[in-house]
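Colleague: Structure in structure tokens, see below.
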Amino acid sequence: MNLFKKKDAVAPTEDAAGETEQKKQKKEKKPVTLDIFDFSGENAITIKDVDLFYGEFQALKKINMKMPKYQITAMIGPSGCGKSTLIKTLNRMNDLVEGCRVVGKIEIGGVDIYQKGIDLSALRKNVGMVFQKPNPFPMSVYDNIAYGPRTFGIRKKGELDEIVERSLKQAAMWDELKDRLNKSALGLSGGQQQRLCIARALAVGPQILLMDEPTSALDPISTGKIEELCEELKNDVTIVMVTHNMQQAARISDKTAFFLLGEMIEMGDTEQVFSEPKHPETERYITGRFG
Amino acid sequence: MTKVSSTKAKDTSAKILFIVCACLSIFAVFGIICYILAASIPAFREVGFFQFLFGTRWNHINDTYGILAMLCSTLVVTVLAVILGGIIGIFTAIFMVFWCPDKLHIRYRGKNKSMQNFVAWMNSWLRKINLRTIFDQIIKLLAGIPSVIYGYFGIIVLVQGGLVQMDPMHRGFGVLATCIVLSIMIIPTITSLTKNALEAVPAQYFEGALAMGNTKAQAVFRVVFPAARSGIISALILGIGRAMGETMAVQMVSGGSVNFPVGIFTPICPLTVKINAEMGEVVPGSLHESALMATGFVLLILVLLITLSVNFVPKEFKGKKGTKVLQGDEAGKVVYRKRGLIPEILKYFGMICAAVVVIALAAVILFICINGIPNISWNFLFGGDSYDGHSLAPAFLTTFYIIIFTLLIALPLGIGAAIFLNEYAKPGSKFVKVIRTFIDTLSGVPSIVFGLFGYLFFVQIFGSNVFAGSFTMVLVILPTIIRSTEEALRAVPMELREASYGLGASKIRTIFKVVLPSAFPGIATAIVLSVGRIVSESAALIYTSGMIAVASSSVSSALDPTNMGSTLTVFMYSFFAEGLAFDEAYGTAFVLLVITFVLNLIVYFIQKRVKKKR
């Protein structure tokens, strides 16, 4: 069904052969490689002692986290606790914020993403992002999905068609959309738009998908569809999700991290965090919301 | 009981008054079209409509009138100017929005102590200026400079300074010079409208593209720019309208002889230039006059069609027709590569364009300052009749009169129309749409056509004097006033009105006591912009308030507004037209530049204060 599984399933001997072939290609065309990450380790993301400042204000304090591969990690906490800030540091979208400064180390696929000279394009190709508000481009459905691959130099119609079809199938919307690929993406419903954005992110072949409250602008049925989709997707990608909705975290995530005032209070298996939280604050937050 | 009904009557009568104000632009547009058409009917009848349009000869001595060559000149020059000015303008806007740094900072690594101190001192100053704001102001200043000044710049710097050497015939006038001057003149319009369109694109598009691994340049040129497409097309269309209707600057650099635009140095005579060149010597009621009116009519219709076509630019992407059938299953491993060279190149092109704009402005300003400042003296500016003729005092007086009279008439009308549109009319109703379309149409009418209308209508009533000029200018500035007032009214929060209604105040009282006072800064901006427009206008005034020979201008005559009078720009143009007094022309240009600069500064400070308050 998907590309990523195939990648993993490739036998080592073929892999080696492929490598030599790739090396030949490198010598011929000298393409700038985008695969600078090595995701063979257990954890996709490792965060070590990260502090983050907006000017003078410290938004994150000494964060330490490990996010395991092919799992859904949910980040919960009250508004302004820093969870959205943290997710944006993972693909360096925080660079757009003026006066934002990160101290500490964030390793993705074994590479420190805040080291000097890191290729942001490569980083963001491998760490996709889905935003709170669906943001399809004002183009057709097809062009939305083909947009990413096109900017990474894929021009052949056949290849693009294949990517579009595969991404839409991955996002479980191929059957809905296959007859309206040339219609404007802005004409879709909010839920469809959000899943289209997920498909669009998948089209460049990310290893990690960041989701910043992906369902907060959607109705319950669309929310359910996206949750289902996440469960499917975690076979292929590592998902990190910020959510305001605690039931959502409890329903779909494998790990849950609780944030308060810029600090990570607790992180553990979702079941454990929700049934027997170690910290009284976590318990208060969870029960307060439920009660 | 009686009191309540009397308030109600007041409200209703006020509403009717506002509706009339709003409908004024409809009457104005129809009036202009009808009057000019009526005046051109003799020409169409005598010459024949098609003969007039497709005839290639124009000679008023033996009454031969055909405008094809001039029509072609107008079209060719406009298209070339819009291509050149459009590209530069659009890329400048892209640079301004996405790459122009807010602050500059000088780095110095040397060990020289005094140099270090100097750099630190420079940086402390640089920290205080916002580069983007300055750039914005530069564009606004370029937009406000009177077209006569651009014409002067074109002749002296462009034609005599460079093109003469390149022209094998050593004239330098013609197609190329006109194009360059026109493109400089439309760059501000296109840049500021493109800038608005780019800024209106939701930031999520940009972020979405970056999050997929796009470089900034890729995101800008492949997502944001296409998303702003409709706004940018509108900007270009308005640029076309402006280029087509431009008169004074084109008159000075086009060469003025009727030819088809076959080479870059062919002297040409666009429609506006023909009208302007011959209106002064026309015999009232003659076929010649009617032929010039007919030329104006053709120009008017052309420009109106183009400005109206803005309404048909599709607002957003609607999807292509039909569906594609995918034929997948093509083998081959997909390889993602890093790309984005072309957007990167375009980014640097944007920087170059921005630099070109800054250099153009710097050149115009320097040219005027260097040549103008030495000619400024007390006598030149304010010397009375005793000073031998070449004094600006009469022109100052006339300009002042026209500003006052025009504002006295236009302000109540414009504010009334804005009140109707924003306070009374149902937003989005058909009636409002019609009125808006007519306001846009009115603002697209070329100023020379306003001049022709004023000549046909107001001059018949008042004679050729300051009043005729003022009434003509009312039509010119009405759209500006309505638009900026409306913007200001829209910014007044609804809660204020509700609070006033809650206290039992009537609608009319609420408008005058609550809404208008809080919209005052916006209205003040409208006034200043209108003053700028009046000061820089020339083509609409020459046939209405008149153009006085330099030698016969005097303060005593200018004091009486029932006499003819030249405003500053018209006066500057007569220095050129009479070909005698270049020094005085430079001096006047400098004065005009200072006025434009000061007006821009006032607008800037008003808007800054409003922003602070919010």
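Quick note on naming: the chains in the structure tokens go A, B, ... in the order shown, residues restart at 1 in each chain, and ligands are numbered from 1 in order of appearance.
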Given a cut-off of 7 Å, which residues of chain A touch chain B, counting only C-alpha atoms, written out as a compact mmCIF listing (two decimals) with C-alpha atoms, in the first residue's frame?

Modeller:
```
# COMPACT_ATOMS: atom_id res chain seq x y z
CA PRO A 31 21.97 15.83 -6.82
CA VAL A 32 21.93 17.46 -3.41
CA THR A 33 20.79 14.61 -1.22
CA LEU A 34 17.76 15.20 0.94
CA LEU A 120 16.00 23.23 6.14
CA SER A 121 14.48 21.87 2.95
CA ALA A 122 15.76 18.39 3.79
CA ARG A 124 11.06 19.79 6.41
CA LYS A 125 10.78 17.26 3.63
CA GLY A 128 6.00 17.16 7.53
CA MET A 129 3.48 19.35 9.26
CA ASN A 135 -4.49 25.41 4.53
CA PHE A 137 -3.34 26.13 -1.62
CA PRO A 138 -5.74 27.88 -4.00
CA MET A 139 -5.08 25.31 -6.71
CA SER A 140 -6.72 22.13 -7.89
CA GLY A 148 5.61 19.33 -3.07
CA THR A 151 9.30 21.62 -6.05
CA PHE A 152 11.59 18.69 -5.41
CA GLY A 153 12.26 18.30 -9.10
CA ILE A 154 9.74 15.66 -10.13
CA GLY A 158 3.56 9.49 -14.77
CA GLU A 159 5.53 9.86 -11.56
CA ASP A 161 0.17 10.81 -11.12
CA GLU A 162 1.46 7.92 -9.12
CA ASP A 179 -13.35 12.31 -9.95
CA ARG A 180 -12.65 15.87 -8.90
CA LEU A 181 -8.86 16.07 -9.03
CA ASN A 182 -9.09 19.16 -11.22
CA LYS A 183 -11.53 21.03 -9.04
CA SER A 184 -10.36 23.72 -6.66
CA ALA A 201 2.33 16.44 3.45
```

Colleague: I want to know what sits within 9 Å of segment 24-26 of chain B, based on only C-alpha atoms, with residues of the same chain fewer than 2 positions away left out; could you give that as number ranges by chain?

Modeller: B: 19-22, 28-31, 413, 417, 434-435, 437-439, 441-442, 475, 478-479

Colleague: Those residues you just picked out, can you put them in a file as a PDB file, in the first residue's frame with C-alpha atoms?

Modeller:
```
ATOM      1  CA  ILE B  19     -28.393  58.968  -1.516  1.00  0.00           C
ATOM      2  CA  VAL B  20     -28.216  61.952  -3.830  1.00  0.00           C
ATOM      3  CA  CYS B  21     -24.552  62.458  -2.930  1.00  0.00           C
ATOM      4  CA  ALA B  22     -23.853  58.813  -3.646  1.00  0.00           C
ATOM      5  CA  ALA B  28     -20.997  62.507 -13.385  1.00  0.00           C
ATOM      6  CA  VAL B  29     -19.983  59.487 -15.440  1.00  0.00           C
ATOM      7  CA  PHE B  30     -23.078  59.671 -17.622  1.00  0.00           C
ATOM      8  CA  GLY B  31     -22.706  63.437 -17.906  1.00  0.00           C
ATOM      9  CA  LEU B 413     -20.589  65.513  -1.304  1.00  0.00           C
ATOM     10  CA  ALA B 417     -21.771  59.533  -0.358  1.00  0.00           C
ATOM     11  CA  VAL B 434     -23.631  49.859  -9.070  1.00  0.00           C
ATOM     12  CA  ILE B 435     -22.535  52.966  -7.197  1.00  0.00           C
ATOM     13  CA  THR B 437     -18.651  50.552 -10.055  1.00  0.00           C
ATOM     14  CA  PHE B 438     -19.402  54.123 -11.064  1.00  0.00           C
ATOM     15  CA  ILE B 439     -17.026  55.529  -8.453  1.00  0.00           C
ATOM     16  CA  THR B 441     -15.186  54.304 -13.330  1.00  0.00           C
ATOM     17  CA  LEU B 442     -15.004  57.967 -12.409  1.00  0.00           C
ATOM     18  CA  LEU B 475     -15.191  65.417 -10.136  1.00  0.00           C
ATOM     19  CA  LEU B 478     -14.587  62.846  -5.538  1.00  0.00           C
ATOM     20  CA  PRO B 479     -13.624  59.140  -5.810  1.00  0.00           C
TER      21      PRO B 479
END
```

Colleague: Using DSSP on the backbone coordinates, identify the residues of segment 1-223 of chain A assigned to strand (DSSP E or B); present them as an NGL selection string.

Modeller: :A and (43-54 or 57-68 or 72-76 or 100-108 or 111-112 or 127-130 or 140 or 183-184 or 208-212)

Colleague: Pick from A:Cys81, A:Val102, A:Val164, A:Ile113: nearest to Ile36 of chain A, with only C-alpha atoms counted?

Modeller: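 Closest residue, counting only C-alpha atoms: A:Ile113.
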
Colleague: Residues within 8 Å of Leu163 of chain B, please, as an MDAnalysis selection string. Count only C-alpha atoms; anything in the same chain fewer than 3 positions from it doesn't count.

Modeller: chainID B and resid 158:160 166:167 171:173 177

Colleague: Generate the output file for the selected residues, N, CA and C atoms, as a PDB file, in the first residue's frame.

Modeller:
```pdb
ATOM      1  N   LEU B 158      16.495  62.067 -19.772  1.00  0.00           N
ATOM      2  CA  LEU B 158      16.381  60.876 -20.613  1.00  0.00           C
ATOM      3  C   LEU B 158      16.700  61.207 -22.068  1.00  0.00           C
ATOM      4  N   VAL B 159      16.007  62.198 -22.604  1.00  0.00           N
ATOM      5  CA  VAL B 159      16.138  62.488 -24.030  1.00  0.00           C
ATOM      6  C   VAL B 159      17.450  63.202 -24.320  1.00  0.00           C
ATOM      7  N   GLN B 160      17.631  64.372 -23.690  1.00  0.00           N
ATOM      8  CA  GLN B 160      18.841  65.125 -24.009  1.00  0.00           C
ATOM      9  C   GLN B 160      20.075  64.517 -23.372  1.00  0.00           C
ATOM     10  N   MET B 166      21.928  57.985 -28.855  1.00  0.00           N
ATOM     11  CA  MET B 166      21.636  56.669 -29.425  1.00  0.00           C
ATOM     12  C   MET B 166      20.800  56.768 -30.685  1.00  0.00           C
ATOM     13  N   ASP B 167      20.071  57.856 -30.831  1.00  0.00           N
ATOM     14  CA  ASP B 167      19.193  58.020 -31.981  1.00  0.00           C
ATOM     15  C   ASP B 167      20.020  58.432 -33.201  1.00  0.00           C
ATOM     16  N   ARG B 171      17.413  62.973 -32.403  1.00  0.00           N
ATOM     17  CA  ARG B 171      16.291  63.670 -31.787  1.00  0.00           C
ATOM     18  C   ARG B 171      16.055  63.129 -30.374  1.00  0.00           C
ATOM     19  N   GLY B 172      15.983  61.803 -30.289  1.00  0.00           N
ATOM     20  CA  GLY B 172      15.820  61.197 -28.964  1.00  0.00           C
ATOM     21  C   GLY B 172      14.393  61.061 -28.505  1.00  0.00           C
ATOM     22  N   PHE B 173      13.497  61.903 -29.068  1.00  0.00           N
ATOM     23  CA  PHE B 173      12.085  61.783 -28.696  1.00  0.00           C
ATOM     24  C   PHE B 173      11.487  60.509 -29.271  1.00  0.00           C
ATOM     25  N   ALA B 177      11.392  56.874 -25.455  1.00  0.00           N
ATOM     26  CA  ALA B 177      11.365  57.854 -24.364  1.00  0.00           C
ATOM     27  C   ALA B 177      10.007  57.850 -23.679  1.00  0.00           C
TER      28      ALA B 177
END
```
